[in-house]
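Scroll down for the structure; my scribbles are underneath it.
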Amino acid sequence: RFTTLSVPPADEAFAVNGAYLADTSPDKVNLGIGVYRTDEGRPWPLRVVERAENQLHEEHDAARHEYLAIRGDVEFLDLARDLVFASAGDKEGSDDRIASVQTVSGTGANRLGADFLAQHLRPGRVWIPEPTWSNHHAIWTFAGVARGTYPYYDVAGKCFDWVRTAQTLNEQASPGDVVVLHACAHNPTGADPSKEQWEKFAALCQAKGLIPFFDLAYQGFASGSVEEDSWAIRHFFHYQPQLEFFVAQSFSKNFGLYGQRAGALHVVTSSAGLSTGVSQAVLANLCSLVRGEYSMAPRRGSEIVKTVLRSPDMRRQWHEDLQLMSGRIKAMRQALYDRLVALQTPGTWEHILSQIGMFSYTGLSENQVFAITQRHHVYLLKSGRISISGLNESNVDYVARAIDDVVRT
Ligand code: PMP
């Protein structure tokens with residue numbers, strides 16, 4: 001029966017991680033997988049997460065292993081929504097246009113949104129940035145929506161390519177098509193649109209009748225500021241009360257809760273549907289999809305996020321933890337840049353400093369990536385993407401020399 005099965009390719013980030021773990025060289029460096037590491041190269045449970053865990057442990061709530069509602073934990077969802085949609089001075093995100101459900105982290109939010117669109121709006125096509133987080137392709141393929149790509153990255157300029165993006169979408173996209181957008185810290189390039197470009201993007205989506213689908217996996221982790229990293233989403237929200245869009249929110253990186261699978265999907269509906277209860281209808285349909293897929297999201301991670309976000313004091317501490325993580329990453333960008341410049345490594349390296357978030361798109365070719373792994377036991381994706389957080393004071397010199405070697409030969 002199963003003899004006809006072909007073997008799909010392994011997910012690259014996890015395959016590279018496996019190859020790194022199997023390597024016995026004492027010099028090996030893991031710049032593959034997108035997880036935060038300390039300067040000692042170790043995982044880091046956020047201090048505020050440990051505090052919240054201790055508090056939850058002391059509370060010893062007898063209901064702590066009960067089922068959540070199908071929709072998820074409502075207080076968590078309100079806090080999660082406000083984190084994205086509320087701006088300074090205005091504490092709560094407007095909720096009457098937004099339907100929110102708890103998901104199996106960011107991946108689950110992307111998938112639930114894709115399934116919802118596929119079932120109910122049947123978009124002709126989803127436009128995915130090229131390059132992107134590779135799972136976007138898998139998610140939309142499994143949801144059964146035809147895919148197109150838009151040329152996100154200007155290889156020569158090492159930046160977001162607004163001109164070709166706008167041209168592609170203007171010429172080829174049709175009303176009702178979906179556009180996947182990385183809200184901040186684009187994975188894998190680390191190159192984001194400027195605020196002016198986001199403004200043009202919102203106008204384009206509105207004019208063409210496209211449905212924006214934001215993937216928000218790095219809020220607060222990218223710049224260190226929760227507000228700054230969700231600016232684009234708030235712009236779309238206030239730009240046009242008729243604009244309908246999706247936000248897939250992950251707490252994996254900004255709370256370091258990778259394995260706990262905490263996240264949410266927010267669907268912003270048009271203000272025109274307020275009187276007829278459109279957002280409630282969206283919510284009910286999302287809940288019925290959730291029920292048929294996995295009944296409800298897990299509760300441990302969302303419990304931790306809720307405990308932190310509902311307490312002003314813990315929230316302050318969370319911001320400090322975010323700044324510590326994003327600060328270390330920025331320091332490592334600088335350290336790698338300084339060493340490459342000191343070595344006079346051929347090429348320009350300013351993009352390592354200007355890119356934002358966990359990743360840097362180094363510009364190394366596939367052959368150079370192969371060579372650096374073979375010769376120097378440095379692991380990264382074949383696109384040349386490195387996870388900056390795998391760098392530390394003890395290995396950055398070694399990595400710079402390894403890059404220098406493969407660039408010269
Ligand atoms: N989107 C992007 C762009 C990501 O980089 C990631 C994490 N690698 C995710 C979504 C989802 O991660 P998770 O499912 O752990 O929330």
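FYI, nothing fancy with the structure tokens labels: chains A, B, ... in order, residues from 1 per chain, ligands from 1 as they appear.
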Expected answer as a ChimeraX atom specification: residues within 9 Å of ligand 1, only C-alpha atoms and all ligand atoms: /A:33-35,104-110,132-136,182-188,215-218,248-253,257-263,358
Which residues of region 175-273 of chain A come within 10 Å of region 329-349 of chain A, and for each one, what is the closest pair of atoms and their distance in Å to one decimal, counting only C-alpha atoms, sorted by chain and residue number, as a tab-separated table?
```
residue	atom	partner	partner_atom	distance
A:Phe221	CA	A:Ile329	CA	9.6
A:Ala222	CA	A:Ile329	CA	9.1
A:Ser223	CA	A:Lys330	CA	9.2
```
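In this structure, CA of Ser295 (chain A) sits 17.1 Å away from CA of Val282 (chain A).
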Residue set, region 209-378 of chain A restricted to strand (DSSP E), as a list in words: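 Filtering region 209-378 of chain A to strand (DSSP E) leaves Ile211, Pro212, Phe213, Phe214, Asp215, Leu216, Phe245, Phe246, Val247, Ala248, Gln249, Ser250, Ala262, Gly263, Ala264, Leu265, His266, Val267, Val268, Phe359, Ser360, Tyr361 and Val378 of chain A.
Using only C-alpha atoms, the protein and nucleic acid residues lying no more than 8 Å from Leu204 (chain A), apart from those fewer than 3 places from it along its own chain, are Ala166, Asn170, Lys200, Phe201, Ala207 and Lys208 of chain A.
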Kindly export the residues of the current selection with N, CA and C atoms, as a PDB file, in the first residue's frame.
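To be explicit, this is the file written out as selection_32.pdb:
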```pdb
ATOM      1  N   ALA A 166       5.914  45.821  -6.377  1.00  0.00           N
ATOM      2  CA  ALA A 166       4.711  46.552  -6.786  1.00  0.00           C
ATOM      3  C   ALA A 166       4.349  46.213  -8.227  1.00  0.00           C
ATOM      4  N   ASN A 170       0.899  44.518  -9.134  1.00  0.00           N
ATOM      5  CA  ASN A 170       0.005  45.328  -9.968  1.00  0.00           C
ATOM      6  C   ASN A 170      -0.358  44.619 -11.264  1.00  0.00           C
ATOM      7  N   LYS A 200       2.855  52.523   1.027  1.00  0.00           N
ATOM      8  CA  LYS A 200       2.520  52.236  -0.380  1.00  0.00           C
ATOM      9  C   LYS A 200       1.943  50.826  -0.516  1.00  0.00           C
ATOM     10  N   PHE A 201       2.458  49.913   0.295  1.00  0.00           N
ATOM     11  CA  PHE A 201       1.986  48.528   0.249  1.00  0.00           C
ATOM     12  C   PHE A 201       0.502  48.463   0.649  1.00  0.00           C
ATOM     13  N   ALA A 207      -6.137  49.188  -3.210  1.00  0.00           N
ATOM     14  CA  ALA A 207      -6.518  49.509  -4.588  1.00  0.00           C
ATOM     15  C   ALA A 207      -6.796  48.253  -5.410  1.00  0.00           C
ATOM     16  N   LYS A 208      -5.994  47.198  -5.170  1.00  0.00           N
ATOM     17  CA  LYS A 208      -6.140  45.977  -5.968  1.00  0.00           C
ATOM     18  C   LYS A 208      -7.121  44.978  -5.359  1.00  0.00           C
TER      19      LYS A 208
END
```
A:Arg71, A:Arg37, A:His65, A:His238 ranked by distance to His266 (chain A), top pick (using only C-alpha atoms): A:Arg71
Nearest candidate to Gly148 (chain A) (options A:Arg111, A:Arg125, A:His235, A:His377; using only C-alpha atoms):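 Under the stated criterion, the closest residue is A:Arg125.
Residue nearest Tyr398 (chain A) within the list A:Ser225, A:Thr165, A:Ile372, A:Gly363: A:Ile372 [criterion: smallest interatomic distance, only C-alpha atoms].
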Contacts of region 279-281 of chain A at 7 Å (only C-alpha atoms; same-chain gap of 2+ positions) as a PyMOL selection string: chain A and resi 97-99+269+277+283-285
Contacts of Val126 (chain A) within 10 Å, only C-alpha atoms, excl. fewer than 4 positions in-chain, as a list in words: Ala114, His137, Trp140, Thr141, Val145, Ala146, Arg147, Gly148, Thr149, Ala173, Gly176, Asp177, Val178, Val179, Val180, Leu210, Ile211, Pro212 and Phe213 of chain A
For Gln55 (chain A), find every residue with an atom within 12 Å (counting only C-alpha atoms), except residues of its own chain fewer than 3 positions away, and show them as a compact mmCIF listing (two decimals) with C-alpha atoms, in the first residue's frame.
```txt
# COMPACT_ATOMS: atom_id res chain seq x y z
CA VAL A 48 10.46 36.88 33.27
CA VAL A 49 9.25 33.52 32.00
CA GLU A 50 10.93 31.78 34.93
CA ARG A 51 9.26 34.26 37.27
CA ALA A 52 5.86 33.58 35.69
CA GLU A 58 2.92 28.49 43.62
CA GLU A 59 -0.67 29.14 42.62
CA HIS A 60 -1.02 25.40 42.09
CA ASP A 61 -4.33 25.92 40.31
CA GLU A 303 -0.72 30.76 30.57
CA ILE A 304 2.85 32.06 30.86
CA THR A 307 0.74 35.97 33.41
CA VAL A 308 3.46 38.27 32.08
CA SER A 311 1.23 42.41 35.13
CA MET A 314 6.44 41.61 34.61
```
Point-to-point distance in Å for CA of Phe76 (chain A) and CA of Gln242 (chain A):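 Between CA of Gln242 (chain A) and CA of Phe76 (chain A) the gap works out to 26.5 Å.
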Pairwise distance for CA of Arg300 (chain A) and CA of Ile388 (chain A), rounded to one decimal in Å: 28.5 Å
Find the residues around Asp39 (chain A) up to 10 Å (only C-alpha atoms counted), leave out those fewer than 4 positions away in its own chain, and share them as a compact mmCIF listing (two decimals) with N, CA and C atoms, in the first residue's frame.
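The result, written out as part-v5.txt:
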```
# COMPACT_ATOMS: atom_id res chain seq x y z
N PRO A 43 20.62 27.59 25.36
CA PRO A 43 19.25 28.14 25.37
C PRO A 43 19.06 29.05 26.58
N TRP A 44 18.14 29.99 26.46
CA TRP A 44 17.94 30.95 27.55
C TRP A 44 16.46 31.09 27.89
N ARG A 328 22.10 41.65 22.26
CA ARG A 328 23.21 40.73 22.03
C ARG A 328 23.32 40.41 20.53
N ILE A 329 22.18 40.29 19.89
CA ILE A 329 22.22 39.99 18.46
C ILE A 329 22.84 41.16 17.67
N MET A 332 26.52 41.13 18.11
CA MET A 332 27.18 40.09 17.31
C MET A 332 27.23 40.45 15.83
N SER A 389 22.24 34.62 16.24
CA SER A 389 22.30 34.28 17.66
C SER A 389 23.18 33.05 17.93
N GLY A 390 23.58 32.34 16.88
CA GLY A 390 24.55 31.25 17.06
C GLY A 390 25.97 31.77 17.22
N LEU A 391 26.16 33.08 16.99
CA LEU A 391 27.49 33.68 17.18
C LEU A 391 27.68 34.09 18.63
N ASN A 392 28.92 34.01 19.12
CA ASN A 392 29.23 34.52 20.46
C ASN A 392 30.69 34.95 20.49
N GLU A 393 31.10 35.52 21.63
CA GLU A 393 32.46 36.05 21.73
C GLU A 393 33.50 34.97 21.46
N SER A 394 33.19 33.70 21.75
CA SER A 394 34.19 32.64 21.58
C SER A 394 34.29 32.12 20.14
N ASN A 395 33.23 32.32 19.32
CA ASN A 395 33.32 31.73 17.98
C ASN A 395 33.28 32.76 16.84
```
All helix (DSSP H, G or I) positions in region 225-394 of chain A, as a PyMOL selection string: chain A and resi 228-239+258-260+271-273+278-293+300-309+312-342+350-354+366-376+388-390
